[in-house]
>>> print(open('start_13.pdb').read())   # PDB, C-alpha atoms
ATOM      1  CA  MET A   1     -31.348 124.916 139.754  1.00  0.00           C
ATOM      2  CA  GLU A   2     -31.252 121.800 137.604  1.00  0.00           C
ATOM      3  CA  TYR A   3     -28.481 120.866 135.190  1.00  0.00           C
ATOM      4  CA  LYS A   4     -27.320 118.256 132.702  1.00  0.00           C
ATOM      5  CA  ARG A   5     -23.862 117.480 131.313  1.00  0.00           C
ATOM      6  CA  LEU A   6     -23.567 116.453 127.666  1.00  0.00           C
ATOM      7  CA  PRO A   7     -20.073 115.722 126.268  1.00  0.00           C
ATOM      8  CA  LEU A   8     -20.374 116.982 122.682  1.00  0.00           C
ATOM      9  CA  GLY A   9     -18.342 117.329 119.514  1.00  0.00           C
ATOM     10  CA  ILE A  10     -15.121 115.809 118.270  1.00  0.00           C
ATOM     11  CA  TYR A  11     -13.288 116.668 121.488  1.00  0.00           C
ATOM     12  CA  GLN A  12     -16.157 115.684 123.817  1.00  0.00           C
ATOM     13  CA  ALA A  13     -16.236 119.111 125.421  1.00  0.00           C
ATOM     14  CA  ASN A  14     -18.670 119.203 128.315  1.00  0.00           C
ATOM     15  CA  CYS A  15     -21.767 121.189 127.452  1.00  0.00           C
ATOM     16  CA  TYR A  16     -23.916 122.035 130.455  1.00  0.00           C
ATOM     17  CA  ILE A  17     -27.593 122.908 130.299  1.00  0.00           C
ATOM     18  CA  ILE A  18     -28.751 124.784 133.397  1.00  0.00           C
ATOM     19  CA  TRP A  19     -32.391 125.552 134.001  1.00  0.00           C
ATOM     20  CA  ASP A  20     -34.965 126.811 136.458  1.00  0.00           C
ATOM     21  CA  GLY A  21     -37.283 123.915 137.260  1.00  0.00           C
ATOM     22  CA  GLU A  22     -40.293 126.178 137.722  1.00  0.00           C
ATOM     23  CA  SER A  23     -40.157 128.438 134.650  1.00  0.00           C
ATOM     24  CA  ARG A  24     -38.161 125.979 132.446  1.00  0.00           C
ATOM     25  CA  LYS A  25     -35.965 128.895 131.375  1.00  0.00           C
ATOM     26  CA  ALA A  26     -32.494 127.642 130.497  1.00  0.00           C
ATOM     27  CA  ALA A  27     -28.920 128.569 129.623  1.00  0.00           C
ATOM     28  CA  VAL A  28     -26.549 126.453 127.553  1.00  0.00           C
ATOM     29  CA  ILE A  29     -22.890 126.601 128.547  1.00  0.00           C
ATOM     30  CA  ASP A  30     -20.387 125.747 125.775  1.00  0.00           C
ATOM     31  CA  PRO A  31     -22.343 124.032 122.972  1.00  0.00           C
ATOM     32  CA  GLY A  32     -19.306 122.257 121.528  1.00  0.00           C
ATOM     33  CA  GLY A  33     -21.067 120.383 118.732  1.00  0.00           C
ATOM     34  CA  ASP A  34     -23.690 117.678 118.069  1.00  0.00           C
ATOM     35  CA  PHE A  35     -26.554 120.143 117.863  1.00  0.00           C
ATOM     36  CA  GLU A  36     -29.161 117.424 117.275  1.00  0.00           C
ATOM     37  CA  GLU A  37     -28.249 115.645 120.526  1.00  0.00           C
ATOM     38  CA  LEU A  38     -28.383 118.921 122.424  1.00  0.00           C
ATOM     39  CA  LYS A  39     -31.682 119.872 120.791  1.00  0.00           C
ATOM     40  CA  MET A  40     -33.198 116.491 121.652  1.00  0.00           C
ATOM     41  CA  PHE A  41     -32.430 116.945 125.352  1.00  0.00           C
ATOM     42  CA  ILE A  42     -33.788 120.499 125.358  1.00  0.00           C
ATOM     43  CA  GLU A  43     -36.998 119.514 123.561  1.00  0.00           C
ATOM     44  CA  ASN A  44     -37.570 116.376 125.657  1.00  0.00           C
ATOM     45  CA  ASN A  45     -37.374 118.463 128.828  1.00  0.00           C
ATOM     46  CA  GLY A  46     -39.498 121.366 127.608  1.00  0.00           C
ATOM     47  CA  LEU A  47     -36.790 123.963 128.129  1.00  0.00           C
ATOM     48  CA  ASN A  48     -36.779 127.526 126.863  1.00  0.00           C
ATOM     49  CA  VAL A  49     -33.174 128.472 126.048  1.00  0.00           C
ATOM     50  CA  GLU A  50     -32.533 132.158 126.702  1.00  0.00           C
ATOM     51  CA  TYR A  51     -28.733 132.298 126.825  1.00  0.00           C
ATOM     52  CA  ILE A  52     -25.663 130.632 125.351  1.00  0.00           C
ATOM     53  CA  ILE A  53     -22.799 131.258 127.776  1.00  0.00           C
ATOM     54  CA  LEU A  54     -19.288 130.615 126.476  1.00  0.00           C
ATOM     55  CA  THR A  55     -16.549 129.991 129.038  1.00  0.00           C
ATOM     56  CA  HIS A  56     -14.047 130.972 126.331  1.00  0.00           C
ATOM     57  CA  GLY A  57     -13.762 131.243 122.565  1.00  0.00           C
ATOM     58  CA  HIS A  58     -12.008 128.030 121.482  1.00  0.00           C
ATOM     59  CA  GLY A  59     -13.474 125.948 118.658  1.00  0.00           C
ATOM     60  CA  ASP A  60     -14.130 122.793 120.674  1.00  0.00           C
ATOM     61  CA  HIS A  61     -16.507 124.743 122.939  1.00  0.00           C
ATOM     62  CA  ILE A  62     -18.360 126.726 120.280  1.00  0.00           C
ATOM     63  CA  GLY A  63     -18.987 124.173 117.517  1.00  0.00           C
ATOM     64  CA  ALA A  64     -22.803 124.375 117.682  1.00  0.00           C
ATOM     65  CA  VAL A  65     -23.157 127.979 118.829  1.00  0.00           C
ATOM     66  CA  SER A  66     -24.525 129.243 115.512  1.00  0.00           C
ATOM     67  CA  GLU A  67     -27.152 126.490 115.327  1.00  0.00           C
ATOM     68  CA  VAL A  68     -28.305 127.015 118.918  1.00  0.00           C
ATOM     69  CA  LYS A  69     -28.450 130.770 118.353  1.00  0.00           C
ATOM     70  CA  LYS A  70     -30.481 130.418 115.161  1.00  0.00           C
ATOM     71  CA  TYR A  71     -32.899 127.747 116.401  1.00  0.00           C
ATOM     72  CA  TYR A  72     -33.675 129.219 119.835  1.00  0.00           C
ATOM     73  CA  ASN A  73     -32.972 132.901 119.176  1.00  0.00           C
ATOM     74  CA  ALA A  74     -30.847 132.812 122.321  1.00  0.00           C
ATOM     75  CA  GLN A  75     -28.362 135.523 123.300  1.00  0.00           C
ATOM     76  CA  ILE A  76     -24.672 134.644 123.029  1.00  0.00           C
ATOM     77  CA  LEU A  77     -22.640 135.825 126.035  1.00  0.00           C
ATOM     78  CA  ILE A  78     -18.840 135.832 126.227  1.00  0.00           C
ATOM     79  CA  HIS A  79     -16.268 137.755 128.247  1.00  0.00           C
ATOM     80  CA  GLU A  80     -15.204 140.976 126.606  1.00  0.00           C
ATOM     81  CA  ASP A  81     -11.591 139.768 126.269  1.00  0.00           C
ATOM     82  CA  ASP A  82     -12.648 136.819 124.055  1.00  0.00           C
ATOM     83  CA  TYR A  83     -15.244 138.783 122.098  1.00  0.00           C
ATOM     84  CA  GLU A  84     -13.034 139.309 119.033  1.00  0.00           C
ATOM     85  CA  MET A  85     -11.861 135.690 119.089  1.00  0.00           C
ATOM     86  CA  LEU A  86     -15.415 134.491 118.514  1.00  0.00           C
ATOM     87  CA  LYS A  87     -15.655 136.565 115.334  1.00  0.00           C
ATOM     88  CA  LYS A  88     -12.531 135.137 113.656  1.00  0.00           C
ATOM     89  CA  SER A  89     -12.085 131.436 112.895  1.00  0.00           C
ATOM     90  CA  GLU A  90      -8.308 131.743 112.724  1.00  0.00           C
ATOM     91  CA  LYS A  91      -8.324 133.004 116.318  1.00  0.00           C
ATOM     92  CA  ASN A  92     -10.887 130.562 117.735  1.00  0.00           C
ATOM     93  CA  TYR A  93      -9.301 127.577 115.901  1.00  0.00           C
ATOM     94  CA  SER A  94     -12.684 126.224 114.794  1.00  0.00           C
ATOM     95  CA  SER A  95     -11.539 125.278 111.306  1.00  0.00           C
ATOM     96  CA  GLN A  96      -8.184 123.882 112.505  1.00  0.00           C
ATOM     97  CA  MET A  97     -10.002 121.651 115.008  1.00  0.00           C
ATOM     98  CA  GLY A  98     -12.020 119.880 112.342  1.00  0.00           C
ATOM     99  CA  TYR A  99     -15.200 121.902 112.712  1.00  0.00           C
ATOM    100  CA  LYS A 100     -16.773 124.144 110.128  1.00  0.00           C
ATOM    101  CA  LYS A 101     -15.688 127.752 110.530  1.00  0.00           C
ATOM    102  CA  VAL A 102     -17.366 129.548 113.403  1.00  0.00           C
ATOM    103  CA  GLU A 103     -17.431 133.312 112.957  1.00  0.00           C
ATOM    104  CA  ILE A 104     -20.205 134.946 114.911  1.00  0.00           C
ATOM    105  CA  GLU A 105     -20.720 138.054 117.008  1.00  0.00           C
ATOM    106  CA  ALA A 106     -21.804 137.725 120.623  1.00  0.00           C
ATOM    107  CA  ASP A 107     -24.873 139.612 121.784  1.00  0.00           C
ATOM    108  CA  LYS A 108     -23.269 140.720 125.028  1.00  0.00           C
ATOM    109  CA  LYS A 109     -19.805 141.098 126.552  1.00  0.00           C
ATOM    110  CA  LEU A 110     -19.509 139.758 130.082  1.00  0.00           C
ATOM    111  CA  ASN A 111     -17.481 141.170 132.962  1.00  0.00           C
ATOM    112  CA  HIS A 112     -16.225 139.746 136.250  1.00  0.00           C
ATOM    113  CA  GLY A 113     -18.881 139.696 138.964  1.00  0.00           C
ATOM    114  CA  GLU A 114     -21.804 140.019 136.604  1.00  0.00           C
ATOM    115  CA  ILE A 115     -24.956 138.064 137.453  1.00  0.00           C
ATOM    116  CA  ILE A 116     -26.940 136.290 134.729  1.00  0.00           C
ATOM    117  CA  ARG A 117     -30.494 135.459 135.760  1.00  0.00           C
ATOM    118  CA  VAL A 118     -32.232 132.444 134.250  1.00  0.00           C
ATOM    119  CA  GLY A 119     -35.683 132.426 135.784  1.00  0.00           C
ATOM    120  CA  ASN A 120     -35.014 132.151 139.529  1.00  0.00           C
ATOM    121  CA  VAL A 121     -31.471 130.852 138.980  1.00  0.00           C
ATOM    122  CA  SER A 122     -28.535 133.236 139.404  1.00  0.00           C
ATOM    123  CA  LEU A 123     -25.248 132.586 137.594  1.00  0.00           C
ATOM    124  CA  GLU A 124     -22.171 134.549 138.681  1.00  0.00           C
ATOM    125  CA  VAL A 125     -19.407 135.308 136.194  1.00  0.00           C
ATOM    126  CA  ILE A 126     -15.859 134.782 137.494  1.00  0.00           C
ATOM    127  CA  HIS A 127     -13.141 136.052 135.146  1.00  0.00           C
ATOM    128  CA  THR A 128     -10.278 133.534 135.229  1.00  0.00           C
ATOM    129  CA  PRO A 129      -7.722 134.482 132.546  1.00  0.00           C
ATOM    130  CA  GLY A 130      -4.920 132.079 131.726  1.00  0.00           C
ATOM    131  CA  HIS A 131      -6.312 129.536 129.266  1.00  0.00           C
ATOM    132  CA  THR A 132      -7.455 132.514 127.198  1.00  0.00           C
ATOM    133  CA  ARG A 133      -7.566 136.184 128.125  1.00  0.00           C
ATOM    134  CA  GLY A 134     -11.337 136.059 128.486  1.00  0.00           C
ATOM    135  CA  SER A 135     -11.799 132.679 130.141  1.00  0.00           C
ATOM    136  CA  ILE A 136     -14.579 132.604 132.712  1.00  0.00           C
ATOM    137  CA  CYS A 137     -16.054 130.235 135.251  1.00  0.00           C
ATOM    138  CA  ILE A 138     -19.731 130.266 136.165  1.00  0.00           C
ATOM    139  CA  LYS A 139     -20.775 129.854 139.800  1.00  0.00           C
ATOM    140  CA  CYS A 140     -24.266 128.722 140.720  1.00  0.00           C
ATOM    141  CA  GLU A 141     -25.087 127.785 144.303  1.00  0.00           C
ATOM    142  CA  ASN A 142     -22.301 125.388 145.379  1.00  0.00           C
ATOM    143  CA  LYS A 143     -21.287 124.520 141.824  1.00  0.00           C
ATOM    144  CA  ILE A 144     -18.622 126.034 139.570  1.00  0.00           C
ATOM    145  CA  PHE A 145     -18.654 125.381 135.837  1.00  0.00           C
ATOM    146  CA  SER A 146     -14.968 125.903 135.209  1.00  0.00           C
ATOM    147  CA  GLY A 147     -14.541 125.682 131.432  1.00  0.00           C
ATOM    148  CA  ASP A 148     -10.912 124.942 130.569  1.00  0.00           C
ATOM    149  CA  THR A 149      -9.496 126.714 133.624  1.00  0.00           C
ATOM    150  CA  LEU A 150      -9.575 123.903 136.189  1.00  0.00           C
ATOM    151  CA  PHE A 151      -9.896 120.167 135.550  1.00  0.00           C
ATOM    152  CA  ALA A 152      -9.922 117.151 137.850  1.00  0.00           C
ATOM    153  CA  GLY A 153      -6.211 116.758 138.564  1.00  0.00           C
ATOM    154  CA  SER A 154      -5.085 119.272 135.958  1.00  0.00           C
ATOM    155  CA  ILE A 155      -5.428 122.765 134.526  1.00  0.00           C
ATOM    156  CA  GLY A 156      -6.137 124.196 131.084  1.00  0.00           C
ATOM    157  CA  ARG A 157      -3.371 124.440 128.511  1.00  0.00           C
ATOM    158  CA  THR A 158      -1.646 127.808 128.284  1.00  0.00           C
ATOM    159  CA  ASP A 159       0.398 127.477 125.083  1.00  0.00           C
ATOM    160  CA  LEU A 160      -2.175 128.970 122.688  1.00  0.00           C
ATOM    161  CA  GLU A 161      -2.621 132.662 121.896  1.00  0.00           C
ATOM    162  CA  GLY A 162      -3.652 134.603 124.989  1.00  0.00           C
ATOM    163  CA  GLY A 163      -2.613 131.806 127.342  1.00  0.00           C
ATOM    164  CA  SER A 164      -0.461 132.333 130.417  1.00  0.00           C
ATOM    165  CA  PHE A 165       0.625 129.753 132.981  1.00  0.00           C
ATOM    166  CA  GLU A 166       1.208 132.429 135.613  1.00  0.00           C
ATOM    167  CA  GLN A 167      -2.242 133.889 135.016  1.00  0.00           C
ATOM    168  CA  ILE A 168      -4.127 130.596 135.150  1.00  0.00           C
ATOM    169  CA  ILE A 169      -2.443 129.596 138.413  1.00  0.00           C
ATOM    170  CA  ALA A 170      -3.244 133.011 139.900  1.00  0.00           C
ATOM    171  CA  SER A 171      -6.844 132.771 138.679  1.00  0.00           C
ATOM    172  CA  ILE A 172      -7.322 129.368 140.275  1.00  0.00           C
ATOM    173  CA  ASN A 173      -5.622 130.277 143.552  1.00  0.00           C
ATOM    174  CA  GLU A 174      -7.229 133.689 143.978  1.00  0.00           C
ATOM    175  CA  LYS A 175     -10.683 133.168 142.492  1.00  0.00           C
ATOM    176  CA  LEU A 176     -11.568 129.464 142.788  1.00  0.00           C
ATOM    177  CA  LEU A 177      -9.703 127.936 145.725  1.00  0.00           C
ATOM    178  CA  VAL A 178     -11.206 130.628 147.967  1.00  0.00           C
ATOM    179  CA  PHE A 179     -14.498 128.716 147.925  1.00  0.00           C
ATOM    180  CA  SER A 180     -15.322 125.995 150.458  1.00  0.00           C
ATOM    181  CA  ASP A 181     -13.811 122.541 150.006  1.00  0.00           C
ATOM    182  CA  ASP A 182     -17.212 120.984 149.252  1.00  0.00           C
ATOM    183  CA  THR A 183     -17.813 123.288 146.284  1.00  0.00           C
ATOM    184  CA  GLU A 184     -18.395 121.093 143.230  1.00  0.00           C
ATOM    185  CA  VAL A 185     -16.391 121.765 140.055  1.00  0.00           C
ATOM    186  CA  TYR A 186     -17.709 120.848 136.605  1.00  0.00           C
ATOM    187  CA  PRO A 187     -14.922 121.259 134.000  1.00  0.00           C
ATOM    188  CA  GLY A 188     -15.002 121.744 130.249  1.00  0.00           C
ATOM    189  CA  HIS A 189     -13.588 118.235 129.736  1.00  0.00           C
ATOM    190  CA  GLY A 190     -13.617 115.112 131.857  1.00  0.00           C
ATOM    191  CA  PRO A 191     -15.195 114.281 135.223  1.00  0.00           C
ATOM    192  CA  SER A 192     -16.347 116.574 137.993  1.00  0.00           C
ATOM    193  CA  THR A 193     -14.335 117.211 141.141  1.00  0.00           C
ATOM    194  CA  THR A 194     -14.397 119.441 144.221  1.00  0.00           C
ATOM    195  CA  ILE A 195     -12.353 122.400 145.384  1.00  0.00           C
ATOM    196  CA  GLY A 196     -11.096 120.366 148.363  1.00  0.00           C
ATOM    197  CA  THR A 197      -9.942 117.504 146.152  1.00  0.00           C
ATOM    198  CA  GLU A 198      -8.028 119.855 143.861  1.00  0.00           C
ATOM    199  CA  LYS A 199      -6.395 121.650 146.785  1.00  0.00           C
ATOM    200  CA  LYS A 200      -5.176 118.297 148.069  1.00  0.00           C
ATOM    201  CA  TYR A 201      -4.273 116.369 144.942  1.00  0.00           C
ATOM    202  CA  ASN A 202      -3.897 118.625 141.892  1.00  0.00           C
ATOM    203  CA  PRO A 203      -0.134 118.574 141.099  1.00  0.00           C
ATOM    204  CA  PHE A 204      -0.266 122.013 139.455  1.00  0.00           C
ATOM    205  CA  LEU A 205      -1.565 123.632 142.626  1.00  0.00           C
ATOM    206  CA  LYS A 206       1.026 122.352 145.084  1.00  0.00           C
ATOM    207  CA  VAL A 207       2.838 125.128 146.892  1.00  0.00           C
TER     208      VAL A 207
END
>>> encode(input="start_13.pdb", output="structure tokens")
Amino acid sequence: MEYKRLPLGIYQANCYIIWDGESRKAAVIDPGGDFEELKMFIENNGLNVEYIILTHGHGDHIGAVSEVKKYYNAQILIHEDDYEMLKKSEKNYSSQMGYKKVEIEADKKLNHGEIIRVGNVSLEVIHTPGHTRGSICIKCENKIFSGDTLFAGSIGRTDLEGGSFEQIIASINEKLLVFSDDTEVYPGHGPSTTIGTEKKYNPFLKV
């Protein structure tokens, strides 16, 4: 598995491109904007984008989803609990966040434990509600792409529709902190971290 982080869009949401080095098949996680920059990286590396995986349905993570879908004919995947959010700009906040309205239907609804195969790369869906009802993390090898569930030293906000502080803490404790301390975490905003670091230093996770 190979990957690249590109902070994109007004809010510099981390977009991750994951690909199989042999087949060059790829998945784009959270194309938050700046389609031309994203396209340039994909073209320069000869990648074939098969999937657009959304960790959740908020506007800062979906800004370029329509362009990526149209240009690459890639399938849009989102958890079933955020499926309706993606279809309605007033629910995904795309227009309120300074983007053009995003109203699009996903090609597939994801569920917890599902495996997405990109060439020889396997991506595991972990349902982590709390930031939104349908928030997910993606695990690949010893890496977790955590969307807006877990950040370095923080957690995702829970004050928007579908958010729940109790749920996000339970999701992190029960579904993420169970992995080994050296598991790498790549959030939807900001720098990467590890499970061990967050167990030790994240103020929201102190018992």
>>> resolve_selection(input="start_13.pdb", expression="the PyMOL selection byres ((chain A and resi 59) around 9)", output="PyMOL selection string")
chain A and resi 32+57-58+60-63+86+89+92-99+101-102
>>> write_last_selection(input="start_13.pdb", atoms="C-alpha atoms", output="short mmCIF file (atom, residue, chain, number, x, y, z; two decimals), in the coordinates of the input")
data_model
loop_
_atom_site.label_atom_id
_atom_site.label_comp_id
_atom_site.auth_asym_id
_atom_site.auth_seq_id
_atom_site.Cartn_x
_atom_site.Cartn_y
_atom_site.Cartn_z
CA GLY A 32 -19.31 122.26 121.53
CA GLY A 57 -13.76 131.24 122.56
CA HIS A 58 -12.01 128.03 121.48
CA ASP A 60 -14.13 122.79 120.67
CA HIS A 61 -16.51 124.74 122.94
CA ILE A 62 -18.36 126.73 120.28
CA GLY A 63 -18.99 124.17 117.52
CA LEU A 86 -15.42 134.49 118.51
CA SER A 89 -12.08 131.44 112.90
CA ASN A 92 -10.89 130.56 117.74
CA TYR A 93 -9.30 127.58 115.90
CA SER A 94 -12.68 126.22 114.79
CA SER A 95 -11.54 125.28 111.31
CA GLN A 96 -8.18 123.88 112.50
CA MET A 97 -10.00 121.65 115.01
CA GLY A 98 -12.02 119.88 112.34
CA TYR A 99 -15.20 121.90 112.71
CA LYS A 101 -15.69 127.75 110.53
CA VAL A 102 -17.37 129.55 113.40
#
>>> residues_around(input="start_13.pdb", residues="region 44-56 of chain A", least_positions_apart="6", cutoff="7 Å", atoms="only C-alpha atoms", output="PyMOL selection string")
chain A and resi 24-30+72+74-78+82+132+134-137+147
>>> axis_aligned_box(input="start_13.pdb", around="region 71-80 of chain A", padding_each_side="4 Å", output="lines of an AutoDock Vina configuration file")
center_x = -24.4
center_y = 134.4
center_z = 122.3
size_x = 26.5
size_y = 21.2
size_z = 19.8
>>> atom_distance(input="start_13.pdb", atom1="CA of Val68 (chain A)", atom2="CA of Glu37 (chain A)")
11.5 Å
>>> atom_distance(input="start_13.pdb", atom1="CA of Pro187 (chain A)", atom2="CA of Asn120 (chain A)")
23.5 Å
>>> residues_around(input="start_13.pdb", residues="Gln12 (chain A)", least_positions_apart="4", cutoff="7 Å", atoms="all atoms listed in the file", output="PyMOL selection string")
chain A and resi 7-8+189
>>> resolve_selection(input="start_13.pdb", expression="the PyMOL selection byres ((chain A and resi 164-176) around 6)", output="ChimeraX atom specification")
/A:128-130,158,163,177-179
>>> write_last_selection(input="start_13.pdb", atoms="C-alpha atoms", output="compact mmCIF listing (two decimals), in the frame of the given file")
# COMPACT_ATOMS: atom_id res chain seq x y z
CA THR A 128 -10.28 133.53 135.23
CA PRO A 129 -7.72 134.48 132.55
CA GLY A 130 -4.92 132.08 131.73
CA THR A 158 -1.65 127.81 128.28
CA GLY A 163 -2.61 131.81 127.34
CA LEU A 177 -9.70 127.94 145.72
CA VAL A 178 -11.21 130.63 147.97
CA PHE A 179 -14.50 128.72 147.93
>>> atom_distance(input="start_13.pdb", atom1="CA of Thr197 (chain A)", atom2="CA of Leu6 (chain A)")
23.0 Å
>>> residues_around(input="start_13.pdb", residues="Asp182 (chain A)", least_positions_apart="4", cutoff="7 Å", atoms="all atoms listed in the file", output="PyMOL selection string")
chain A and resi 194-196
>>> decode(input="start_13.pdb", residues="region 63-75 of chain A", atoms="N, CA and C atoms", output="PDB file, in the first residue's frame")
ATOM      1  N   GLY A  63     -15.929  18.594  -0.914  1.00  0.00           N
ATOM      2  CA  GLY A  63     -15.989  19.718  -1.846  1.00  0.00           C
ATOM      3  C   GLY A  63     -15.740  19.361  -3.304  1.00  0.00           C
ATOM      4  N   ALA A  64     -14.861  18.391  -3.564  1.00  0.00           N
ATOM      5  CA  ALA A  64     -14.531  18.024  -4.950  1.00  0.00           C
ATOM      6  C   ALA A  64     -15.103  16.667  -5.349  1.00  0.00           C
ATOM      7  N   VAL A  65     -16.025  16.140  -4.572  1.00  0.00           N
ATOM      8  CA  VAL A  65     -16.507  14.780  -4.837  1.00  0.00           C
ATOM      9  C   VAL A  65     -17.178  14.665  -6.206  1.00  0.00           C
ATOM     10  N   SER A  66     -17.947  15.671  -6.586  1.00  0.00           N
ATOM     11  CA  SER A  66     -18.645  15.598  -7.876  1.00  0.00           C
ATOM     12  C   SER A  66     -17.657  15.609  -9.037  1.00  0.00           C
ATOM     13  N   GLU A  67     -16.618  16.439  -8.932  1.00  0.00           N
ATOM     14  CA  GLU A  67     -15.618  16.519  -9.999  1.00  0.00           C
ATOM     15  C   GLU A  67     -14.817  15.225 -10.120  1.00  0.00           C
ATOM     16  N   VAL A  68     -14.429  14.651  -8.988  1.00  0.00           N
ATOM     17  CA  VAL A  68     -13.679  13.391  -9.022  1.00  0.00           C
ATOM     18  C   VAL A  68     -14.547  12.280  -9.598  1.00  0.00           C
ATOM     19  N   LYS A  69     -15.805  12.241  -9.180  1.00  0.00           N
ATOM     20  CA  LYS A  69     -16.745  11.247  -9.685  1.00  0.00           C
ATOM     21  C   LYS A  69     -16.886  11.356 -11.207  1.00  0.00           C
ATOM     22  N   LYS A  70     -17.096  12.575 -11.684  1.00  0.00           N
ATOM     23  CA  LYS A  70     -17.335  12.787 -13.107  1.00  0.00           C
ATOM     24  C   LYS A  70     -16.093  12.479 -13.942  1.00  0.00           C
ATOM     25  N   TYR A  71     -14.934  12.933 -13.479  1.00  0.00           N
ATOM     26  CA  TYR A  71     -13.710  12.805 -14.279  1.00  0.00           C
ATOM     27  C   TYR A  71     -13.208  11.363 -14.331  1.00  0.00           C
ATOM     28  N   TYR A  72     -13.290  10.648 -13.205  1.00  0.00           N
ATOM     29  CA  TYR A  72     -12.715   9.303 -13.133  1.00  0.00           C
ATOM     30  C   TYR A  72     -13.770   8.198 -13.181  1.00  0.00           C
ATOM     31  N   ASN A  73     -15.034   8.581 -13.176  1.00  0.00           N
ATOM     32  CA  ASN A  73     -16.114   7.591 -13.135  1.00  0.00           C
ATOM     33  C   ASN A  73     -15.917   6.628 -11.962  1.00  0.00           C
ATOM     34  N   ALA A  74     -15.509   7.206 -10.832  1.00  0.00           N
ATOM     35  CA  ALA A  74     -15.253   6.406  -9.633  1.00  0.00           C
ATOM     36  C   ALA A  74     -16.533   6.259  -8.818  1.00  0.00           C
ATOM     37  N   GLN A  75     -16.616   5.181  -8.051  1.00  0.00           N
ATOM     38  CA  GLN A  75     -17.778   4.940  -7.190  1.00  0.00           C
ATOM     39  C   GLN A  75     -17.633   5.712  -5.880  1.00  0.00           C
TER      40      GLN A  75
END
